[in-house]
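Visitor: The file below is work_10.cif, mmCIF, C-alpha atoms:
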data_structure
#
loop_
_atom_site.label_atom_id
_atom_site.label_comp_id
_atom_site.auth_asym_id
_atom_site.auth_seq_id
_atom_site.Cartn_x
_atom_site.Cartn_y
_atom_site.Cartn_z
CA MET R 1 9.40 -26.76 -4.26
CA ASP R 2 5.73 -26.18 -5.11
CA ALA R 3 5.83 -23.32 -7.59
CA HIS R 4 2.92 -21.00 -8.33
CA PRO R 5 1.05 -22.32 -11.43
CA LEU R 6 1.88 -19.19 -13.41
CA VAL R 7 5.55 -19.48 -12.45
CA THR R 8 5.56 -23.11 -13.59
CA ASP R 9 4.11 -21.97 -16.93
CA TYR R 10 6.85 -19.32 -17.15
CA LEU R 11 9.52 -21.97 -16.55
CA ARG R 12 7.99 -24.28 -19.12
CA LEU R 13 7.87 -21.41 -21.62
CA GLY R 14 11.48 -20.40 -21.04
CA LEU R 15 12.76 -23.97 -21.27
CA ALA R 16 10.99 -24.40 -24.62
CA PHE R 17 13.28 -21.78 -26.18
CA ASP R 18 16.19 -24.20 -25.83
CA ARG R 19 14.38 -26.37 -28.39
CA LEU R 20 14.51 -23.45 -30.85
CA GLU R 21 18.09 -22.40 -30.10
CA PRO R 22 20.36 -24.64 -27.99
CA GLY R 23 22.09 -22.46 -25.43
CA PHE R 24 19.19 -20.03 -25.11
CA VAL R 25 18.71 -21.35 -21.57
CA ASP R 26 21.92 -20.25 -19.91
CA ALA R 27 21.17 -22.05 -16.63
CA TYR R 28 18.34 -24.03 -15.09
CA THR R 29 18.50 -25.44 -11.56
CA GLY R 30 14.86 -26.32 -11.04
CA ASP R 31 12.85 -29.52 -11.24
CA PRO R 32 14.57 -31.81 -13.79
CA ALA R 33 11.24 -33.50 -14.49
CA LEU R 34 9.90 -30.24 -15.90
CA ARG R 35 12.88 -29.91 -18.20
CA ARG R 36 12.46 -33.50 -19.40
CA GLU R 37 8.77 -32.84 -20.05
CA VAL R 38 9.65 -29.87 -22.27
CA GLN R 39 12.48 -31.67 -24.04
CA GLU R 40 10.38 -34.73 -24.79
CA GLY R 41 7.23 -32.84 -25.77
CA PRO R 42 6.17 -31.63 -29.21
CA ALA R 43 8.57 -29.25 -30.94
CA PRO R 44 7.50 -25.70 -30.03
CA LEU R 45 6.45 -23.20 -32.68
CA PRO R 46 7.81 -19.66 -32.21
CA GLY R 47 4.46 -18.02 -32.91
CA GLU R 48 2.79 -20.14 -30.24
CA LEU R 49 5.49 -19.24 -27.71
CA ALA R 50 4.90 -15.55 -28.41
CA THR R 51 1.18 -16.03 -27.82
CA GLN R 52 1.82 -17.92 -24.58
CA ALA R 53 4.16 -15.20 -23.29
CA ALA R 54 1.61 -12.47 -24.03
CA ALA R 55 -1.16 -14.48 -22.34
CA LEU R 56 0.90 -15.02 -19.18
CA ARG R 57 1.63 -11.28 -19.00
CA LYS R 58 -2.11 -10.58 -19.05
CA GLU R 59 -2.66 -13.08 -16.21
CA LEU R 60 0.09 -11.64 -14.00
CA PRO R 61 -1.83 -8.80 -12.29
CA GLU R 62 -4.41 -11.26 -10.94
CA ALA R 63 -1.92 -13.99 -9.99
CA GLY R 64 -1.56 -12.82 -6.40
CA LEU R 65 2.23 -12.67 -6.45
CA PRO R 66 4.17 -10.00 -4.52
CA GLU R 67 4.89 -6.83 -6.48
CA VAL R 68 8.62 -7.45 -6.82
CA ARG R 69 8.03 -10.91 -8.31
CA THR R 70 5.27 -9.60 -10.57
CA GLU R 71 7.56 -6.93 -11.99
CA PHE R 72 10.36 -9.45 -12.53
CA LEU R 73 8.09 -11.86 -14.39
CA ASP R 74 6.44 -9.10 -16.42
CA VAL R 75 9.66 -7.75 -17.97
CA HIS R 76 10.98 -11.26 -18.58
CA LEU R 77 7.80 -12.40 -20.30
CA ARG R 78 7.98 -9.30 -22.49
CA ALA R 79 11.55 -10.24 -23.44
CA LEU R 80 10.57 -13.83 -24.23
CA GLU R 81 7.66 -12.64 -26.35
CA CYS R 82 10.06 -10.51 -28.40
CA SER R 83 12.48 -13.43 -28.82
CA ALA R 84 9.65 -15.67 -29.99
CA ARG R 85 8.53 -13.07 -32.52
CA LYS R 86 12.12 -12.85 -33.80
CA PHE R 87 12.33 -16.63 -34.10
CA ALA R 88 9.06 -16.52 -36.04
CA GLY R 89 10.74 -14.28 -38.60
CA GLU R 90 9.20 -10.95 -37.60
CA GLN R 91 11.32 -7.91 -38.44
CA ILE R 92 11.96 -5.86 -35.31
CA SER R 93 14.23 -2.84 -35.25
CA PHE R 94 17.46 -3.25 -33.32
CA VAL R 95 16.61 -0.46 -30.86
CA ASP R 96 13.17 -1.94 -30.19
CA GLU R 97 14.72 -5.39 -29.80
CA VAL R 98 17.15 -4.12 -27.16
CA ARG R 99 14.35 -2.29 -25.34
CA ALA R 100 12.16 -5.40 -25.21
CA TYR R 101 14.99 -7.70 -24.15
CA PHE R 102 16.73 -5.55 -21.57
CA ASP R 103 14.33 -2.80 -20.47
CA VAL R 104 16.67 0.02 -21.58
CA ASP R 105 16.72 2.61 -24.36
CA ILE R 106 19.97 3.00 -26.30
CA ALA R 107 21.43 5.77 -28.43
CA PRO R 108 24.77 6.39 -30.16
CA GLY R 109 27.63 7.52 -27.97
CA ASN R 110 29.56 10.77 -28.20
CA GLU R 111 32.70 10.49 -30.28
CA GLU R 112 34.20 13.38 -28.30
CA ASP R 113 34.24 11.04 -25.29
CA TYR R 114 36.19 8.55 -27.39
CA ARG R 115 38.66 11.25 -28.43
CA ASP R 116 39.08 12.23 -24.79
CA ALA R 117 39.75 8.61 -23.89
CA HIS R 118 42.43 8.48 -26.57
CA ARG R 119 44.02 11.67 -25.19
CA GLN R 120 44.16 10.18 -21.69
CA MET R 121 45.55 6.89 -22.99
CA ASP R 122 48.16 8.86 -24.90
CA GLU R 123 49.30 10.42 -21.61
CA VAL R 124 49.52 7.05 -19.84
CA LEU R 125 51.45 5.44 -22.71
CA ALA R 126 53.57 8.45 -23.65
CA GLY R 127 56.32 7.70 -26.18
CA ASP R 128 57.18 7.45 -29.84
CA GLY R 129 54.88 6.15 -32.55
CA SER R 130 51.12 6.40 -33.00
CA LEU R 131 48.76 5.69 -30.13
CA PHE R 132 47.66 2.51 -31.90
CA GLU R 133 51.26 1.33 -32.15
CA ARG R 134 51.93 2.08 -28.48
CA VAL R 135 48.69 0.43 -27.35
CA SER R 136 49.46 -2.62 -29.50
CA ALA R 137 52.98 -2.88 -28.06
CA HIS R 138 51.64 -2.48 -24.53
CA ARG R 139 49.01 -5.17 -25.07
CA LYS R 140 51.63 -7.52 -26.51
CA ALA R 141 53.90 -7.02 -23.51
CA ASP R 142 50.91 -7.47 -21.19
CA GLU R 143 49.95 -10.92 -22.48
CA VAL R 144 49.81 -13.69 -19.91
CA PRO R 145 52.35 -16.36 -20.90
CA PRO R 146 50.11 -19.23 -22.13
CA GLU R 147 51.94 -21.79 -19.99
CA ARG R 148 51.26 -19.64 -16.89
CA LEU R 149 47.57 -18.94 -17.56
CA SER R 150 46.14 -21.72 -15.38
CA GLU R 151 48.44 -20.76 -12.52
CA CYS R 152 47.43 -17.11 -12.74
CA VAL R 153 43.74 -17.97 -12.92
CA ALA R 154 44.04 -20.12 -9.79
CA ALA R 155 45.90 -17.37 -7.90
CA PHE R 156 43.34 -14.66 -8.64
CA SER R 157 40.41 -16.99 -8.11
CA GLY R 158 41.72 -17.93 -4.68
CA ALA R 159 42.49 -14.35 -3.66
CA LEU R 160 39.12 -13.02 -4.82
CA ARG R 161 37.26 -15.93 -3.23
CA GLU R 162 38.74 -15.05 0.17
CA LEU R 163 37.66 -11.42 -0.17
CA VAL R 164 34.16 -12.39 -1.27
CA ARG R 165 33.58 -14.99 1.44
CA ALA R 166 34.60 -12.45 4.09
CA ARG R 167 32.06 -9.85 2.87
CA TYR R 168 29.35 -11.87 1.11
CA PRO R 169 29.24 -15.36 2.72
CA LEU R 170 28.85 -18.33 0.39
CA PRO R 171 27.88 -21.96 1.04
CA ASP R 172 30.83 -24.02 2.26
CA HIS R 173 30.76 -26.42 -0.68
CA GLU R 174 30.56 -23.82 -3.48
CA GLN R 175 33.09 -24.48 -6.22
CA VAL R 176 34.35 -23.08 -9.52
CA GLU R 177 36.20 -25.20 -12.06
CA TYR R 178 38.09 -23.54 -14.90
CA GLU R 179 38.71 -24.82 -18.42
CA VAL R 180 40.42 -23.40 -21.50
CA VAL R 181 38.39 -23.58 -24.74
CA GLY R 182 38.58 -22.20 -28.28
CA ASP R 183 36.43 -21.11 -31.22
CA LYS R 184 34.07 -18.97 -29.11
CA PRO R 185 32.82 -15.39 -29.69
CA TRP R 186 33.45 -14.38 -26.06
CA SER R 187 36.47 -14.01 -23.75
CA GLY R 188 35.05 -16.01 -20.85
CA PHE R 189 31.79 -17.72 -19.94
CA ASN R 190 30.20 -18.97 -16.72
CA TYR R 191 28.19 -22.19 -16.89
CA TYR R 192 26.27 -22.37 -13.63
CA LEU R 193 25.58 -26.01 -12.86
CA GLY R 194 23.43 -25.62 -9.77
CA ASN R 195 24.10 -26.72 -6.20
CA TYR R 196 26.61 -23.86 -5.88
CA ARG R 197 28.94 -25.10 -8.64
CA SER R 198 30.15 -23.34 -11.79
CA ARG R 199 32.34 -24.19 -14.73
CA VAL R 200 34.12 -21.15 -16.14
CA ALA R 201 35.45 -21.40 -19.70
CA ILE R 202 38.26 -19.08 -20.82
CA ASN R 203 38.72 -18.56 -24.56
CA SER R 204 42.24 -19.41 -25.73
CA ASP R 205 41.64 -17.77 -29.14
CA LEU R 206 41.84 -14.36 -27.47
CA LYS R 207 45.13 -13.55 -25.80
CA GLN R 208 44.56 -13.07 -22.09
CA HIS R 209 46.20 -9.96 -20.66
CA MET R 210 47.61 -9.44 -17.20
CA ALA R 211 45.66 -6.21 -16.75
CA HIS R 212 42.39 -7.87 -17.73
CA LEU R 213 42.67 -11.26 -16.03
CA PRO R 214 41.73 -10.09 -12.49
CA ALA R 215 38.59 -8.43 -13.90
CA LEU R 216 37.75 -11.56 -15.91
CA ILE R 217 37.93 -13.82 -12.85
CA ALA R 218 35.97 -11.30 -10.78
CA HIS R 219 33.37 -11.07 -13.59
CA GLU R 220 32.85 -14.81 -14.06
CA ALA R 221 33.33 -16.01 -10.50
CA TYR R 222 34.04 -13.85 -7.43
CA PRO R 223 31.98 -11.70 -6.82
CA GLY R 224 30.40 -11.89 -10.29
CA HIS R 225 28.26 -14.53 -11.97
CA HIS R 226 29.11 -17.51 -9.77
CA THR R 227 28.64 -15.53 -6.56
CA GLU R 228 25.34 -14.08 -7.75
CA HIS R 229 24.01 -17.50 -8.78
CA CYS R 230 25.04 -19.04 -5.45
CA ARG R 231 23.49 -16.33 -3.30
CA LYS R 232 20.26 -16.22 -5.30
CA GLU R 233 20.00 -20.01 -5.21
CA ALA R 234 20.51 -20.02 -1.43
CA GLY R 235 18.25 -17.01 -0.80
CA LEU R 236 15.56 -16.48 -3.43
CA VAL R 237 15.19 -20.07 -4.63
CA GLY R 238 15.41 -21.31 -1.06
CA ALA R 239 12.53 -18.95 -0.21
CA GLY R 240 10.35 -20.42 -2.97
CA GLN R 241 10.93 -18.02 -5.87
CA ALA R 242 11.11 -20.77 -8.48
CA GLU R 243 11.40 -18.26 -11.35
CA GLN R 244 14.98 -17.70 -10.19
CA THR R 245 15.91 -21.27 -11.15
CA LEU R 246 15.82 -20.18 -14.81
CA PHE R 247 18.37 -17.89 -16.46
CA VAL R 248 17.54 -17.15 -20.08
CA VAL R 249 19.50 -15.26 -22.73
CA ASN R 250 18.26 -11.85 -23.92
CA THR R 251 16.32 -10.84 -20.81
CA PRO R 252 16.68 -8.03 -18.23
CA GLN R 253 18.23 -10.66 -15.95
CA CYS R 254 21.25 -10.64 -18.29
CA LEU R 255 21.69 -6.87 -18.19
CA MET R 256 21.61 -6.91 -14.40
CA ALA R 257 24.05 -9.82 -14.22
CA GLU R 258 26.55 -8.40 -16.71
CA GLY R 259 26.47 -4.94 -15.15
CA LEU R 260 27.07 -6.47 -11.72
CA ALA R 261 29.88 -8.65 -13.04
CA ASP R 262 31.64 -5.81 -14.86
CA LEU R 263 31.61 -3.85 -11.59
CA ALA R 264 32.75 -6.86 -9.56
CA LEU R 265 36.49 -6.16 -9.29
CA ARG R 266 35.95 -2.50 -8.52
CA SER R 267 33.36 -3.45 -5.89
CA ILE R 268 35.35 -6.10 -4.02
CA VAL R 269 38.89 -4.65 -4.26
CA GLY R 270 38.14 -1.01 -5.06
CA PRO R 271 40.56 1.72 -6.16
CA GLY R 272 44.05 0.34 -5.92
CA TRP R 273 43.19 -2.94 -7.56
CA GLY R 274 46.24 -2.49 -9.79
CA ARG R 275 48.69 -2.58 -6.88
CA TRP R 276 46.74 -5.48 -5.39
CA ALA R 277 47.09 -7.43 -8.63
CA GLN R 278 50.75 -6.44 -8.93
CA GLU R 279 51.50 -8.15 -5.61
CA ILE R 280 49.79 -11.36 -6.72
CA TYR R 281 51.71 -11.41 -9.99
CA ALA R 282 54.94 -10.72 -8.09
CA ASP R 283 54.31 -13.81 -5.96
CA LEU R 284 54.13 -15.74 -9.25
CA GLY R 285 57.37 -14.20 -10.47
CA LEU R 286 55.67 -12.03 -13.09
CA ARG R 287 56.28 -8.31 -13.56
CA PHE R 288 53.20 -6.11 -13.78
CA ASP R 289 52.84 -2.34 -13.41
CA GLY R 290 49.57 -2.19 -11.53
CA GLU R 291 49.38 1.58 -11.19
CA ARG R 292 49.79 2.12 -14.93
CA ALA R 293 47.30 -0.64 -15.69
CA GLU R 294 44.70 1.01 -13.46
CA ARG R 295 45.31 4.44 -15.02
CA LEU R 296 44.96 2.94 -18.49
CA SER R 297 41.77 1.13 -17.48
CA ASN R 298 40.27 4.36 -16.14
CA ALA R 299 41.20 6.20 -19.34
CA SER R 300 39.78 3.54 -21.65
CA ALA R 301 36.51 3.34 -19.68
CA LYS R 302 35.14 6.12 -21.90
CA LEU R 303 35.37 3.70 -24.83
CA LEU R 304 32.65 1.56 -23.22
CA GLY R 305 30.03 2.48 -25.82
CA VAL R 306 32.13 1.80 -28.93
CA ARG R 307 30.91 -1.77 -29.43
CA GLN R 308 27.26 -0.79 -28.90
CA ASP R 309 27.74 1.98 -31.46
CA ALA R 310 29.17 -0.66 -33.81
CA ALA R 311 26.05 -2.77 -33.29
CA LEU R 312 23.85 0.24 -34.06
CA LEU R 313 25.83 0.90 -37.25
CA LEU R 314 25.50 -2.73 -38.31
CA HIS R 315 21.88 -3.42 -37.43
CA ASP R 316 20.21 -0.01 -37.21
CA ARG R 317 22.06 2.02 -39.85
CA GLY R 318 22.68 -0.82 -42.31
CA ARG R 319 26.45 -0.27 -42.60
CA ASP R 320 28.51 -3.11 -44.07
CA ALA R 321 30.82 -5.35 -42.06
CA ASP R 322 34.02 -3.75 -43.37
CA GLU R 323 32.93 -0.26 -42.33
CA VAL R 324 31.91 -1.48 -38.87
CA ALA R 325 35.20 -3.34 -38.44
CA GLY R 326 37.00 -0.10 -39.37
CA PHE R 327 34.96 1.79 -36.77
CA LEU R 328 35.97 -0.73 -34.11
CA GLN R 329 39.62 -0.52 -35.12
CA ARG R 330 39.60 3.28 -35.05
CA TRP R 331 37.98 3.86 -31.68
CA SER R 332 38.83 0.66 -29.79
CA LEU R 333 42.39 0.75 -31.14
CA ALA R 334 41.86 -2.91 -31.97
CA THR R 335 43.85 -5.02 -34.38
CA PRO R 336 42.00 -6.19 -37.50
CA ASP R 337 41.77 -9.70 -36.02
CA ARG R 338 40.36 -8.41 -32.73
CA ALA R 339 37.87 -6.19 -34.55
CA ARG R 340 36.68 -9.15 -36.62
CA GLN R 341 36.29 -11.22 -33.43
CA SER R 342 34.10 -8.47 -31.96
CA LEU R 343 32.16 -8.29 -35.23
CA ARG R 344 31.53 -12.04 -35.00
CA PHE R 345 29.86 -11.52 -31.62
CA LEU R 346 27.84 -8.54 -32.89
CA SER R 347 26.72 -10.50 -35.97
CA SER R 348 25.51 -13.61 -34.12
CA PRO R 349 21.71 -13.94 -34.38
CA LEU R 350 21.56 -15.05 -30.74
CA TRP R 351 24.10 -12.59 -29.32
CA ARG R 352 23.79 -9.51 -31.55
CA ALA R 353 21.86 -7.40 -28.99
CA TYR R 354 23.76 -8.76 -26.01
CA ILE R 355 26.50 -6.11 -26.18
CA SER R 356 24.01 -3.68 -24.64
CA THR R 357 23.96 -5.70 -21.41
CA TYR R 358 27.60 -4.73 -20.81
CA VAL R 359 27.29 -1.11 -21.88
CA GLU R 360 23.93 -0.20 -20.34
CA GLY R 361 24.29 -2.58 -17.39
CA TYR R 362 27.58 -0.97 -16.37
CA ARG R 363 26.16 2.53 -16.77
CA LEU R 364 22.93 1.86 -14.89
CA LEU R 365 24.33 -0.14 -11.98
CA GLY R 366 27.58 1.81 -11.82
CA GLY R 367 25.68 5.07 -11.53
CA TRP R 368 23.52 3.64 -8.75
CA LEU R 369 26.52 2.31 -6.83
CA ASP R 370 28.33 5.64 -7.23
CA ARG R 371 25.42 7.43 -5.57
CA ALA R 372 26.08 5.50 -2.33
CA ALA R 373 26.63 7.67 0.73
CA ASP R 374 29.85 5.88 1.74
CA GLU R 375 31.76 2.62 1.27
CA ASP R 376 29.48 0.69 3.63
CA ASP R 377 26.42 1.85 1.69
CA ARG R 378 28.13 0.94 -1.58
CA ALA R 379 28.94 -2.56 -0.28
CA ASP R 380 25.31 -2.98 0.83
CA ARG R 381 24.02 -1.85 -2.57
CA PHE R 382 26.25 -4.41 -4.26
CA ARG R 383 24.86 -7.04 -1.87
CA ARG R 384 21.36 -6.11 -2.99
CA LEU R 385 22.39 -6.70 -6.60
CA LEU R 386 23.67 -10.14 -5.60
CA ASP R 387 20.65 -11.08 -3.53
CA GLU R 388 17.49 -9.40 -4.83
CA PRO R 389 15.47 -9.97 -8.04
CA LEU R 390 15.97 -6.38 -9.17
CA THR R 391 15.10 -5.19 -12.67
CA PRO R 392 16.51 -2.22 -14.62
CA GLY R 393 13.27 -0.35 -13.97
CA ALA R 394 13.55 -0.96 -10.24
CA VAL R 395 17.12 0.40 -10.18
CA ARG R 396 16.08 3.50 -12.15
CA ARG R 397 13.45 4.25 -9.49
CA MET R 398 15.92 3.99 -6.59
#
Output the file's structure in the form of structure tokens.

Guide:
Amino acid sequence: MDAHPLVTDYLRLGLAFDRLEPGFVDAYTGDPALRREVQEGPAPLPGELATQAAALRKELPEAGLPEVRTEFLDVHLRALECSARKFAGEQISFVDEVRAYFDVDIAPGNEEDYRDAHRQMDEVLAGDGSLFERVSAHRKADEVPPERLSECVAAFSGALRELVRARYPLPDHEQVEYEVVGDKPWSGFNYYLGNYRSRVAINSDLKQHMAHLPALIAHEAYPGHHTEHCRKEAGLVGAGQAEQTLFVVNTPQCLMAEGLADLALRSIVGPGWGRWAQEIYADLGLRFDGERAERLSNASAKLLGVRQDAALLLHDRGRDADEVAGFLQRWSLATPDRARQSLRFLSSPLWRAYISTYVEGYRLLGGWLDRAADEDDRADRFRRLLDEPLTPGAVRRM
């Protein structure tokens, strides 16, 4: 593929960040010679990368690219410039950092929404003891038996893959391989390898729950990250949009991808996913109350902003780790260990702002999908998220 010179410079710039922070480039499926050139070249200096990003943004209006590609590159170059400034040691407020990375403005949530969520959860899990005790007992009973995890993953992956391929066709040779890992700050992770193949890692340090596993597989694979990568590789990259061969951390691309993936199960199965999952578990000989799980999921949805609020407390309000962990325990009804695991993610220099991709991505894309005229329109809107190089700003204008 003969990329536009400015696009090649964008790819070279993005790839250079992996020299500053391994893992910054989440996926790259473009010309391997370009990656080798960057890897074997002089070590990049953060300040120089910031200057390069700003210069490319100035060149964009005269580059002759279509408007949709220009907008995509503009917001991603702005994000890379901010990352480079951070790597150079510049102090940037957390709110400004999130705005530059993800093209969204954030603010603290409403604790009354969290109280309402607790009231609804209390109704679903009615019984003796505190809500925390009942939620903890429910989560314990809902754990996937470790020796059955691989079997359950395969069952849901296969079932979701059939649904996705019927509605959003994929290349015949697409493939997802699953592996269990440990010592990670996340629950699951998609490593897109190119040529329609993904490796999905599932964190064994965090107990996997029966109610959450279908959403996790939908998020990472079908119709989430793997499906999006495959369809964009076949469509956009195949049409010559070489900028889509690069997926870089802390960019608007991430907010769009995480919002899409968090809406994946709801979009492919829809209301009633609990009963659907219950039948799959029953085939495996496992008992699962799908209706209650779905009611509990709907009730706890209002707790979406708790972790972003925790990040604001930690990085914007200067609260100490113990206070933030207590906040997470109170509103998320998390155990101390789970709260500390969340705090580890929020404290990571690379990942600290990333929580906003889940919160704001779900809100932005979920709101847009909910404005669909009917189910066919909703399915077509989700297809657009899979196929088009949309940005948060573009969705806000729709």

Visitor: My list of candidates is R:Ala79, R:Lys140, R:Tyr192, R:Ala166. Which is closest to R:Lys207 when distances are computed with only C-alpha atoms?

Guide: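 Answer, going by the shortest atom-to-atom distance: R:Lys140.
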
Visitor: Enter the distance from atom CA of R:Tyr362 to atom CA of R:Ser342, in Å, rounded to one decimal.

Guide: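 According to the coordinates, atom CA of R:Tyr362 and atom CA of R:Ser342 are separated by 18.5 Å.
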
Visitor: Run the PyMOL selection byres ((chain R and resi 299-303) around 6) mentally over the shown coordinates, then write out the matched residues as a PyMOL selection string, using the chain letters and numbers from the document.

Guide: chain R and resi 114+117+120-121+296-298+304-306

Visitor: Could you write out that same residue set with C-alpha atoms as a PDB file, in the coordinates of the input?

Guide:
ATOM      1  CA  TYR R 114      36.190   8.550 -27.390  1.00  0.00           C
ATOM      2  CA  ALA R 117      39.750   8.610 -23.890  1.00  0.00           C
ATOM      3  CA  GLN R 120      44.160  10.180 -21.690  1.00  0.00           C
ATOM      4  CA  MET R 121      45.550   6.890 -22.990  1.00  0.00           C
ATOM      5  CA  LEU R 296      44.960   2.940 -18.490  1.00  0.00           C
ATOM      6  CA  SER R 297      41.770   1.130 -17.480  1.00  0.00           C
ATOM      7  CA  ASN R 298      40.270   4.360 -16.140  1.00  0.00           C
ATOM      8  CA  LEU R 304      32.650   1.560 -23.220  1.00  0.00           C
ATOM      9  CA  GLY R 305      30.030   2.480 -25.820  1.00  0.00           C
ATOM     10  CA  VAL R 306      32.130   1.800 -28.930  1.00  0.00           C
TER      11      VAL R 306
END

Visitor: Of the candidates R:Gln308, R:Ser204, R:Asn190, R:Ser347, which one gets nearest to R:Phe327 if we count all atoms listed in the file?

Guide: R:Gln308

Visitor: Between R:Arg134, R:Gly109, R:Arg99, R:Val248, which has the minimum distance to R:Ala16 (counting all atoms listed in the file)?

Guide: R:Val248

Visitor: My list of candidates is R:Ala372, R:Val7, R:Ala159, R:Leu390. Which is closest to R:Gln253 when distances are computed with only C-alpha atoms?

Guide: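 Using only C-alpha atoms, the shortest distance to R:Gln253 belongs to R:Leu390.
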
Visitor: Name every residue that the PyMOL selection byres ((chain R and resi 198) around 7) selects in this structure, writing the answer as a VMD selection string with chains first and numbers rising.

Guide: chain R and resid 175 to 177 190 to 193 196 to 197 199 to 200 226

Visitor: Given all atoms listed in the file as the basis, pick out the residue of R:Pro252, R:Gly89, R:Pro223, R:Pro42 nearest to R:Leu77.

Guide: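 Smallest separation from R:Leu77 among the options: R:Pro252.
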